[in-house]
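Okay, final34.cif is below, mmCIF, C-alpha atoms:
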```
data_target
#
loop_
_atom_site.label_atom_id
_atom_site.label_comp_id
_atom_site.auth_asym_id
_atom_site.auth_seq_id
_atom_site.Cartn_x
_atom_site.Cartn_y
_atom_site.Cartn_z
CA MET D 5 -72.96 54.58 22.73
CA THR D 6 -75.18 53.42 25.54
CA ILE D 7 -74.66 49.73 26.14
CA ASN D 8 -76.38 47.82 28.89
CA THR D 9 -73.25 45.92 29.82
CA VAL D 10 -75.09 43.60 32.22
CA SER D 11 -75.95 40.23 30.72
CA SER D 12 -77.64 37.49 32.66
CA LYS D 13 -75.54 34.85 30.94
CA THR D 14 -72.53 33.23 32.55
CA LEU D 15 -69.28 33.00 30.62
CA LYS D 16 -69.98 29.31 30.00
CA ALA D 17 -73.39 30.17 28.57
CA ILE D 18 -71.90 32.90 26.39
CA LEU D 19 -69.36 30.44 24.99
CA LYS D 20 -72.13 27.94 24.26
CA CYS D 21 -74.12 30.66 22.48
CA LEU D 22 -71.10 31.56 20.35
CA ALA D 23 -70.58 27.91 19.44
CA THR D 24 -74.17 26.86 18.74
CA THR D 25 -76.40 29.92 18.17
CA PRO D 26 -74.08 32.83 17.38
CA GLU D 27 -76.93 34.80 15.79
CA LYS D 28 -78.43 35.15 19.30
CA LEU D 29 -75.28 36.65 20.83
CA THR D 30 -75.87 40.25 21.92
CA PRO D 31 -73.34 43.07 22.37
CA GLU D 32 -74.09 42.86 26.08
CA ASP D 33 -73.11 39.19 26.03
CA ALA D 34 -69.79 40.00 24.34
CA ALA D 35 -69.05 42.74 26.87
CA THR D 36 -69.97 40.47 29.77
CA GLY D 37 -67.70 37.72 28.45
CA LEU D 38 -64.81 40.15 28.19
CA ARG D 39 -65.50 41.47 31.68
CA ALA D 40 -65.36 37.95 33.12
CA ILE D 41 -61.96 37.46 31.50
CA ILE D 42 -60.66 40.82 32.77
CA ASN D 43 -61.92 39.95 36.27
CA GLY D 44 -59.91 36.73 36.19
CA GLU D 45 -62.95 34.46 36.08
CA ALA D 46 -61.95 32.53 32.94
CA ASN D 47 -59.65 29.53 32.73
CA ASP D 48 -57.20 29.15 29.84
CA ALA D 49 -59.58 27.06 27.75
CA GLN D 50 -62.43 29.55 28.15
CA LEU D 51 -60.17 32.49 27.32
CA ALA D 52 -58.88 30.89 24.12
CA GLY D 53 -62.37 29.68 23.24
CA PHE D 54 -63.90 33.14 23.64
CA ILE D 55 -61.29 34.86 21.47
CA THR D 56 -61.38 32.13 18.81
CA ALA D 57 -65.17 31.95 18.65
CA LEU D 58 -65.50 35.72 18.26
CA GLN D 59 -63.21 35.49 15.24
CA LEU D 60 -64.76 32.40 13.65
CA ARG D 61 -68.29 33.76 14.07
CA GLY D 62 -67.38 37.02 12.34
CA MET D 63 -67.94 39.27 15.31
CA GLY D 64 -65.01 41.47 14.22
CA MET D 65 -67.10 42.59 11.25
CA ARG D 66 -70.08 43.62 13.34
CA PRO D 67 -69.93 47.27 14.46
CA ASP D 68 -72.16 46.64 17.48
CA MET D 69 -69.82 43.92 18.74
CA LEU D 70 -66.66 45.99 18.18
CA ALA D 71 -68.27 48.93 19.97
CA ALA D 72 -69.33 46.74 22.90
CA LEU D 73 -65.86 45.22 23.29
CA ALA D 74 -64.28 48.69 23.03
CA ALA D 75 -66.66 50.18 25.60
CA GLU D 76 -65.92 47.37 28.04
CA THR D 77 -62.18 47.78 27.51
CA GLN D 78 -62.48 51.51 28.16
CA ARG D 79 -64.29 50.82 31.44
CA HIS D 80 -61.04 49.32 32.75
CA ALA D 81 -58.65 51.85 31.20
CA LEU D 82 -56.46 54.28 33.11
CA VAL D 83 -57.96 57.57 31.92
CA PRO D 84 -55.76 60.68 31.96
CA LYS D 85 -57.21 63.78 33.54
CA LEU D 86 -56.56 66.81 31.36
CA GLU D 87 -56.13 70.22 32.90
CA PRO D 88 -59.23 72.48 33.01
CA SER D 89 -57.44 74.96 30.74
CA GLN D 90 -56.90 72.29 28.07
CA THR D 91 -60.15 72.92 26.21
CA GLU D 92 -58.48 72.81 22.78
CA MET D 93 -59.32 69.78 20.69
CA VAL D 94 -57.17 66.66 20.99
CA VAL D 95 -56.56 64.54 17.88
CA ASP D 96 -54.98 61.24 16.87
CA ILE D 97 -53.90 59.46 13.70
CA VAL D 98 -53.75 55.70 14.06
CA GLY D 99 -54.13 52.49 12.09
CA THR D 100 -55.24 48.97 12.87
CA GLY D 101 -52.07 47.46 11.38
CA GLY D 102 -52.25 44.07 9.77
CA ASP D 103 -52.32 45.25 6.16
CA GLY D 104 -49.20 43.27 5.25
CA TRP D 105 -47.50 46.17 3.45
CA ASN D 106 -44.92 46.87 6.15
CA THR D 107 -44.64 50.54 5.23
CA PHE D 108 -42.56 53.07 7.15
CA ASN D 109 -44.03 54.40 10.43
CA ILE D 110 -46.24 56.95 8.70
CA SER D 111 -48.86 57.63 11.38
CA THR D 112 -46.21 58.01 14.09
CA THR D 113 -44.26 60.52 12.02
CA SER D 114 -47.45 62.30 10.93
CA SER D 115 -48.54 62.70 14.54
CA LEU D 116 -45.26 64.47 15.35
CA VAL D 117 -45.58 66.75 12.31
CA ALA D 118 -49.20 67.58 13.17
CA ALA D 119 -48.25 68.48 16.74
CA ALA D 120 -45.41 70.70 15.53
CA ALA D 121 -47.88 72.35 13.15
CA GLY D 122 -50.11 73.31 16.08
CA LEU D 123 -52.51 70.47 16.79
CA GLN D 124 -52.70 68.78 20.19
CA VAL D 125 -51.97 65.10 19.54
CA ALA D 126 -52.53 62.18 21.91
CA LYS D 127 -51.00 59.28 20.00
CA HIS D 128 -52.25 55.88 21.14
CA GLY D 129 -49.97 53.00 20.14
CA SER D 130 -48.05 49.88 20.98
CA ARG D 131 -45.10 47.75 19.97
CA SER D 132 -45.08 45.86 16.71
CA SER D 133 -47.41 42.91 16.30
CA SER D 134 -47.61 42.63 12.51
CA SER D 135 -44.73 44.74 11.15
CA ASN D 136 -40.99 45.01 11.62
CA CYS D 137 -41.20 48.18 13.67
CA GLY D 138 -44.16 49.49 15.67
CA SER D 139 -44.70 53.06 16.84
CA ALA D 140 -43.44 52.36 20.35
CA ASP D 141 -40.42 50.45 19.04
CA LEU D 142 -39.37 53.41 16.92
CA LEU D 143 -39.87 56.08 19.57
CA GLU D 144 -38.09 54.04 22.24
CA SER D 145 -35.13 53.44 19.93
CA LEU D 146 -34.69 57.21 19.63
CA GLY D 147 -34.57 57.87 23.36
CA CYS D 148 -38.20 58.12 24.48
CA ASP D 149 -38.99 56.37 27.77
CA LEU D 150 -42.60 55.49 27.02
CA ASN D 151 -43.00 53.30 30.10
CA ALA D 152 -42.47 56.41 32.22
CA ILE D 153 -45.64 58.03 30.86
CA GLY D 154 -48.62 57.44 33.11
CA PRO D 155 -52.07 59.04 33.36
CA ASP D 156 -50.70 61.83 35.56
CA ASN D 157 -48.16 62.88 32.91
CA VAL D 158 -50.43 63.26 29.89
CA ALA D 159 -51.73 66.77 30.63
CA GLU D 160 -48.23 68.07 31.30
CA LEU D 161 -46.81 66.57 28.12
CA LEU D 162 -49.62 68.03 26.02
CA ARG D 163 -49.10 71.42 27.65
CA ARG D 164 -45.32 71.33 27.11
CA HIS D 165 -45.10 69.74 23.68
CA ARG D 166 -48.61 69.44 22.22
CA PHE D 167 -47.76 65.76 21.87
CA CYS D 168 -48.08 62.71 24.08
CA PHE D 169 -47.75 58.98 23.47
CA LEU D 170 -50.16 56.71 25.34
CA PHE D 171 -48.60 53.27 25.50
CA SER D 172 -51.44 50.78 25.20
CA SER D 173 -49.94 48.34 27.70
CA THR D 174 -49.74 51.10 30.32
CA PHE D 175 -53.17 52.60 29.85
CA HIS D 176 -54.98 49.29 29.27
CA PRO D 177 -53.48 46.98 31.90
CA SER D 178 -56.58 44.76 31.72
CA MET D 179 -55.51 43.63 28.25
CA ARG D 180 -52.66 41.69 29.78
CA TYR D 181 -55.17 38.91 30.46
CA LEU D 182 -55.56 38.43 26.71
CA ALA D 183 -52.08 39.25 25.45
CA GLN D 184 -50.35 35.91 25.92
CA THR D 185 -53.26 33.88 24.58
CA ARG D 186 -53.54 36.10 21.51
CA ARG D 187 -49.82 35.64 20.83
CA GLU D 188 -50.05 31.88 21.26
CA LEU D 189 -53.11 31.59 19.00
CA GLY D 190 -51.24 33.41 16.25
CA PHE D 191 -54.19 34.52 14.12
CA PRO D 192 -56.06 37.84 13.91
CA THR D 193 -59.08 38.37 16.15
CA PRO D 194 -61.47 41.28 16.77
CA PHE D 195 -59.04 42.55 19.40
CA ASN D 196 -56.49 43.28 16.66
CA VAL D 197 -58.64 46.17 15.41
CA LEU D 198 -59.78 47.62 18.74
CA GLY D 199 -56.78 49.96 19.10
CA PRO D 200 -58.29 52.95 17.25
CA LEU D 201 -61.48 52.58 19.30
CA ILE D 202 -59.88 52.66 22.75
CA ASN D 203 -57.62 55.71 22.98
CA PRO D 204 -58.11 56.58 26.69
CA VAL D 205 -58.21 60.32 25.91
CA GLN D 206 -61.06 59.76 23.42
CA PRO D 207 -59.78 62.40 20.96
CA ASP D 208 -62.15 64.98 19.53
CA ARG D 209 -61.07 64.24 15.95
CA ALA D 210 -58.99 61.50 14.35
CA VAL D 211 -57.90 59.76 11.18
CA VAL D 212 -58.25 56.00 11.57
CA GLY D 213 -56.70 53.59 9.07
CA VAL D 214 -58.09 50.10 8.53
CA HIS D 215 -56.38 47.15 6.83
CA SER D 216 -59.20 46.16 4.47
CA GLN D 217 -61.97 48.01 2.67
CA PRO D 218 -64.81 45.84 4.03
CA LEU D 219 -63.72 46.89 7.53
CA GLY D 220 -64.02 50.60 6.65
CA PRO D 221 -67.78 51.09 7.06
CA VAL D 222 -67.78 48.67 10.02
CA MET D 223 -65.17 50.75 11.85
CA ALA D 224 -66.96 53.98 10.98
CA GLU D 225 -70.25 52.67 12.34
CA ALA D 226 -68.57 51.40 15.52
CA LEU D 227 -66.96 54.81 16.05
CA ARG D 228 -70.26 56.58 15.42
CA SER D 229 -72.12 54.36 17.89
CA LEU D 230 -69.44 55.16 20.49
CA GLY D 231 -70.24 58.84 20.01
CA ARG D 232 -67.22 59.82 17.95
CA ARG D 233 -67.73 62.70 15.56
CA ASN D 234 -65.43 64.37 13.01
CA TYR D 235 -63.50 61.12 12.54
CA ALA D 236 -62.34 59.85 9.17
CA VAL D 237 -61.77 56.14 8.55
CA VAL D 238 -59.42 55.53 5.63
CA CYS D 239 -58.22 52.56 3.59
CA GLY D 240 -55.92 52.71 0.58
CA ASP D 241 -57.16 50.83 -2.46
CA GLU D 242 -54.28 48.38 -1.93
CA ASN D 243 -55.93 47.48 1.42
CA LEU D 244 -53.52 49.81 3.18
CA ASP D 245 -54.31 51.14 6.67
CA GLU D 246 -53.19 54.65 5.72
CA ILE D 247 -53.85 57.18 2.98
CA SER D 248 -52.10 55.72 -0.03
CA ILE D 249 -49.29 57.53 -1.83
CA ALA D 250 -49.68 55.12 -4.77
CA GLY D 251 -53.26 55.87 -5.77
CA SER D 252 -56.78 56.23 -4.43
CA THR D 253 -57.95 55.91 -0.84
CA GLN D 254 -61.48 55.27 0.38
CA VAL D 255 -62.76 57.52 3.17
CA TRP D 256 -65.71 57.08 5.51
CA HIS D 257 -66.04 60.49 7.17
CA ILE D 258 -68.24 60.88 10.27
CA ASP D 259 -69.38 64.50 10.36
CA SER D 260 -70.42 66.55 13.39
CA SER D 261 -74.03 65.32 13.13
CA GLY D 262 -73.05 61.65 12.92
CA HIS D 263 -73.65 61.24 9.19
CA ILE D 264 -71.12 58.98 7.46
CA ASP D 265 -70.02 60.28 4.06
CA HIS D 266 -68.11 57.90 1.78
CA TYR D 267 -65.75 59.43 -0.77
CA THR D 268 -62.43 58.83 -2.53
CA ILE D 269 -59.23 60.86 -2.29
CA HIS D 270 -55.96 60.75 -4.23
CA PRO D 271 -52.47 62.26 -3.84
CA ASP D 272 -53.57 64.75 -6.50
CA ASN D 273 -55.89 66.29 -3.89
CA PHE D 274 -52.81 67.13 -1.85
CA GLY D 275 -50.70 68.44 -4.71
CA VAL D 276 -48.32 65.53 -4.18
CA PRO D 277 -47.09 63.08 -6.85
CA THR D 278 -47.81 59.37 -6.63
CA HIS D 279 -45.11 56.85 -5.71
CA PRO D 280 -45.18 53.04 -5.68
CA LEU D 281 -45.71 51.67 -2.18
CA SER D 282 -42.44 49.78 -2.55
CA ALA D 283 -40.67 53.16 -2.45
CA ALA D 284 -42.19 53.86 0.96
CA ALA D 285 -41.55 50.48 2.51
CA GLY D 286 -40.36 50.17 6.07
CA SER D 287 -37.43 48.02 6.95
CA THR D 288 -35.56 47.11 10.10
CA LEU D 289 -35.85 49.16 13.26
CA GLU D 290 -32.39 50.58 12.66
CA GLU D 291 -33.19 51.67 9.11
CA ASN D 292 -36.55 53.20 10.08
CA GLN D 293 -34.77 55.03 12.88
CA ALA D 294 -32.25 56.47 10.39
CA THR D 295 -35.04 57.48 8.00
CA LEU D 296 -36.95 59.31 10.72
CA GLN D 297 -33.81 61.13 11.79
CA ARG D 298 -33.20 62.31 8.21
CA LEU D 299 -36.80 63.54 8.01
CA LEU D 300 -36.47 65.41 11.31
CA ASN D 301 -33.10 66.89 10.35
CA ASN D 302 -34.31 67.80 6.86
CA THR D 303 -31.38 65.91 5.32
CA LEU D 304 -33.33 63.73 2.91
CA GLU D 305 -31.75 61.31 0.50
CA PRO D 306 -33.41 60.68 -2.89
CA SER D 307 -34.83 57.41 -1.57
CA ASP D 308 -36.63 59.32 1.22
CA VAL D 309 -38.80 61.49 -1.04
CA ALA D 310 -41.61 58.94 -1.34
CA ILE D 311 -41.74 58.51 2.43
CA ARG D 312 -41.70 62.30 2.91
CA ASP D 313 -44.62 62.67 0.51
CA PHE D 314 -46.41 59.77 2.23
CA VAL D 315 -46.12 61.69 5.51
CA LEU D 316 -47.35 64.90 3.86
CA VAL D 317 -50.61 63.40 2.58
CA ASN D 318 -51.42 61.69 5.88
CA THR D 319 -50.53 64.70 8.00
CA GLY D 320 -52.29 66.98 5.55
CA PHE D 321 -55.50 64.99 5.82
CA LEU D 322 -55.38 65.09 9.63
CA LEU D 323 -54.94 68.87 9.45
CA PHE D 324 -57.91 69.02 7.07
CA VAL D 325 -60.15 66.80 9.23
CA SER D 326 -59.17 68.83 12.30
CA GLY D 327 -60.09 72.12 10.62
CA MET D 328 -56.60 73.62 10.68
CA ALA D 329 -56.44 73.45 6.89
CA ARG D 330 -59.26 74.55 4.59
CA THR D 331 -58.25 72.07 1.91
CA MET D 332 -56.22 68.88 1.72
CA LYS D 333 -53.68 70.65 -0.47
CA GLN D 334 -53.24 73.37 2.13
CA GLY D 335 -52.86 70.69 4.80
CA ALA D 336 -50.02 69.03 2.88
CA GLU D 337 -48.32 72.38 2.37
CA ILE D 338 -48.54 73.21 6.09
CA ALA D 339 -47.06 69.79 6.83
CA ARG D 340 -44.20 70.36 4.36
CA LEU D 341 -43.32 73.78 5.77
CA THR D 342 -43.48 72.46 9.33
CA LEU D 343 -41.19 69.55 8.51
CA GLU D 344 -38.67 71.79 6.73
CA SER D 345 -38.68 74.37 9.54
CA GLY D 346 -37.02 72.10 12.10
CA LYS D 347 -39.99 72.41 14.47
CA VAL D 348 -40.67 68.68 14.36
CA LYS D 349 -37.14 67.84 15.47
CA ASP D 350 -37.32 70.38 18.29
CA LEU D 351 -40.64 68.93 19.46
CA PHE D 352 -39.39 65.36 19.32
CA ASP D 353 -36.16 66.11 21.18
CA SER D 354 -37.96 67.98 23.96
CA PHE D 355 -40.63 65.29 24.27
CA ALA D 356 -38.01 62.52 24.53
CA ARG D 357 -36.14 64.53 27.15
CA SER D 358 -39.32 64.98 29.22
CA THR D 359 -40.02 61.24 29.24
CA ARG D 360 -36.53 60.54 30.53
CA GLU D 361 -37.00 63.17 33.23
CA PHE D 362 -40.22 61.47 34.35
CA ASN D 363 -38.29 58.22 34.72
CA THR D 364 -35.52 59.91 36.70
CA ALA D 365 -38.06 61.55 39.00
CA THR D 366 -39.58 58.18 39.93
CA GLU D 367 -36.29 56.45 40.71
#
```
Using structure tokens, write down the structure that the file contains.
Amino acid sequence: MTINTVSSKTLKAILKCLATTPEKLTPEDAATGLRAIINGEANDAQLAGFITALQLRGMGMRPDMLAALAAETQRHALVPKLEPSQTEMVVDIVGTGGDGWNTFNISTTSSLVAAAAGLQVAKHGSRSSSSNCGSADLLESLGCDLNAIGPDNVAELLRRHRFCFLFSSTFHPSMRYLAQTRRELGFPTPFNVLGPLINPVQPDRAVVGVHSQPLGPVMAEALRSLGRRNYAVVCGDENLDEISIAGSTQVWHIDSSGHIDHYTIHPDNFGVPTHPLSAAAGSTLEENQATLQRLLNNTLEPSDVAIRDFVLVNTGFLLFVSGMARTMKQGAEIARLTLESGKVKDLFDSFARSTREFNTATE
């Protein structure tokens, strides 16, 4: 996306426009307002006013506004430099969160399985904001030192393990200007759904989950305008930000030419039975940690089968979107064999060990 990020308006003028004539606000205005905040030019009232007005005026449902805010955020990101030899595609599987279902950490687990299956995965994530246990919370609880991963470590981790975790707070330090205010406001804003748009690696292909079906085409259009291709935006019919194990899921698939194809998928497409979402619910950090360990060790209990199948359909779809699998069913089968082989546990253990070594090296 080419955005002229220079607006002649001051932050005060942008706030007035949002309050009185929001239909005249341009993407450039939104980007300029965010830049003023990142540059420390906004007082507390202006910061809260900007975030609140964007939400109340519906800017989070406009793809041009989401794309402009994402592009401005990326301008201030710490961008990893991959090695010249790393020409293989990089992928991600990520959700917006905020769907209220509090399911197990499916995308985090699926990213590990996909990497063990042979994809190169740069997982962008953070700590929990709307669930009991976020991706970073879970990985840290199992011995990963995510704060030790900086831009200079990404290429090495991908080369060693085909997996890297990019902690949002590390790679987007500019977002610290908004973090406290967003917490204090306590309601969703457009910044809650920017995560999938601002992976600093800008993966070649990805599966992006959104928390509501109306957001699906909006997210797809924002991704397309940012130049993303071979991305699939998904939303379970329960307004789930992942591919549902309980029934149908809507997909907005951006192909290599930029065309967005809307279609529906079902666990049947993966050769996997349906399960009620309640059977795949997440719980406390400790319980999610134990569940992930059973999955990695291939020591499943009967209550884990739904979660295992949930992981298979989401991993399988990422393998399909990435071209590793010819069909969704083949993708789920590759995911199942990879999980049962012990490769995922080996990858996770070696990745965790590398992060701790990075921390030791900097002490």
Which polymer residues have any atom within 12 Å of an atom of D:Gly101, counting all atoms listed in the file, with same-chain residues fewer than 3 positions away left out, as a PyMOL selection string?
-> chain D and resi 98+104-111+129-139+192+195-200+212-216+239+243-246
Ground truth for the PyMOL selection byres ((chain D and resi 290) around 10), written as an NGL selection string = :D and (137 or 142 or 145-146 or 287-289 or 291-295)
Leaving out stretch 345-358 of chain D and any residue of its chain fewer than 2 positions from it, which residues lie within 10 Å of it when counting all atoms listed in the file, given as a ChimeraX atom specification?
-> /D:113-121,143-144,146-150,152-153,157,160-162,164-169,296-302,339-343,360-364
Tell me, as a CSV table (one decimal) with C-alpha atoms, in the coordinates of the input, which residues lie within 10 Å of stretch 332-337 of chain D, counting only C-alpha atoms; anything in the same chain fewer than 4 positions away does not count.
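Output contents, as saved in result03.csv:
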```csv
chain,number,residue,atom,x,y,z
D,118,ALA,CA,-49.2,67.6,13.2
D,121,ALA,CA,-47.9,72.4,13.2
D,269,ILE,CA,-59.2,60.9,-2.3
D,271,PRO,CA,-52.5,62.3,-3.8
D,272,ASP,CA,-53.6,64.8,-6.5
D,273,ASN,CA,-55.9,66.3,-3.9
D,274,PHE,CA,-52.8,67.1,-1.8
D,275,GLY,CA,-50.7,68.4,-4.7
D,276,VAL,CA,-48.3,65.5,-4.2
D,313,ASP,CA,-44.6,62.7,0.5
D,314,PHE,CA,-46.4,59.8,2.2
D,315,VAL,CA,-46.1,61.7,5.5
D,316,LEU,CA,-47.4,64.9,3.9
D,317,VAL,CA,-50.6,63.4,2.6
D,318,ASN,CA,-51.4,61.7,5.9
D,319,THR,CA,-50.5,64.7,8.0
D,320,GLY,CA,-52.3,67.0,5.6
D,321,PHE,CA,-55.5,65.0,5.8
D,322,LEU,CA,-55.4,65.1,9.6
D,323,LEU,CA,-54.9,68.9,9.4
D,324,PHE,CA,-57.9,69.0,7.1
D,325,VAL,CA,-60.2,66.8,9.2
D,326,SER,CA,-59.2,68.8,12.3
D,327,GLY,CA,-60.1,72.1,10.6
D,328,MET,CA,-56.6,73.6,10.7
D,341,LEU,CA,-43.3,73.8,5.8
D,342,THR,CA,-43.5,72.5,9.3
D,343,LEU,CA,-41.2,69.6,8.5
```
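A straight line drawn from atom CA of D:His266 to atom CA of D:Gln217 is 11.7 Å long.
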For D:Gln59, which residue out of D:Leu22, D:Ala159, D:Ala310, D:Ala250 is the nearest one, using only C-alpha atoms?
-> D:Leu22
